[in-house]
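To start, the structure itself, in structure tokens.
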Amino acid sequence: SQGDKTLLDALIPAVDKLEEFARQTPEDLVPAVQAAASVADDAIEGTRQWPAKRGSQSYAGDRTIGTLDPGIVAVAIMLRAVAAQLDTQSAQ
């Protein structure tokens, strides 16, 4: 669940941001994905000081405080890549 220092801490807010854009301006896909990527990027640092509660990092407990969660980083990287690709395609 959200708050456990897992990829869900980036994915859930990113999807929420996409849904927000879809309600307001459904035709603007590029800004929506860029905003979702930004939210996922924020989760990278926003969860750094949390202990991991799920996944393989949870075995290290409080030693994960101050570290990045690989799942959160992966979600952010993927969303940035999708946003960049969409931006490139829309510029053509």
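Chains: A, B, ... in order of the structure tokens. Residues: from 1 per chain. Ligands: from 1, in order shown.
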
task: Name the residues in contact with Ser1 in chain A at a cut-off of 10 Å, using only C-alpha atoms, excluding same-chain residues fewer than 3 positions from it; report them as number ranges by chain.
output: A: 4-9, 12, 53-54

Could you dump the residues just selected with C-alpha atoms as a short mmCIF file (atom, residue, chain, number, x, y, z; two decimals), in the first residue's frame?
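The result, written out as result.cif:
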```
data_model
loop_
_atom_site.label_atom_id
_atom_site.label_comp_id
_atom_site.auth_asym_id
_atom_site.auth_seq_id
_atom_site.Cartn_x
_atom_site.Cartn_y
_atom_site.Cartn_z
CA ASP A 4 5.40 1.52 2.54
CA LYS A 5 8.31 2.93 0.47
CA THR A 6 7.53 0.92 -2.63
CA LEU A 7 6.88 1.75 -6.26
CA LEU A 8 3.27 2.42 -5.29
CA ASP A 9 4.45 5.63 -3.62
CA ILE A 12 -0.39 6.04 -7.22
CA LYS A 53 8.02 -1.73 5.02
CA ARG A 54 7.51 -4.05 2.03
#
```

message: Taking only chain A into account, list the residues labelled helix (DSSP H, G or I) by DSSP (computed from the backbone), as a ChimeraX atom specification.
response: /A:8-24,29-46,56-64,70-91

task: Grab the CA of Gly46 in chain A to CA of Val75 in chain A distance for me, in Å with one decimal place.
output: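 Between CA of Gly46 in chain A and CA of Val75 in chain A the gap is 14.1 Å.
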
message: Report as a PyMOL selection string all protein, DNA and RNA residues lying within 9 Å of Ala52 in chain A, evaluated on only C-alpha atoms, omitting residues in the same chain fewer than 6 positions from it.
response: chain A and resi 3-6+58-65+69

message: Quick one: residues within 12 Å of Leu79 in chain A, only C-alpha atoms, excluding same-chain residues fewer than 2 positions away - as a count of residues only?
response: 29

- prompt: CA of Glu45 in chain A and CA of Gly66 in chain A, how far apart in Å?
  reply: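 Distance between the two atoms: 9.2 Å.
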
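Of the residues listed (A:Ala91, A:Pro13, A:Trp50, A:Ile44), A:Ile44 shows the shortest atom-to-atom separation from Pro70 in chain A; distances use only C-alpha atoms.
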
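Comparing A:Asp87, A:Pro26, A:Gln92, A:Leu68 by their smallest distance to Asp42 in chain A, the closest is A:Leu68 (using only C-alpha atoms).
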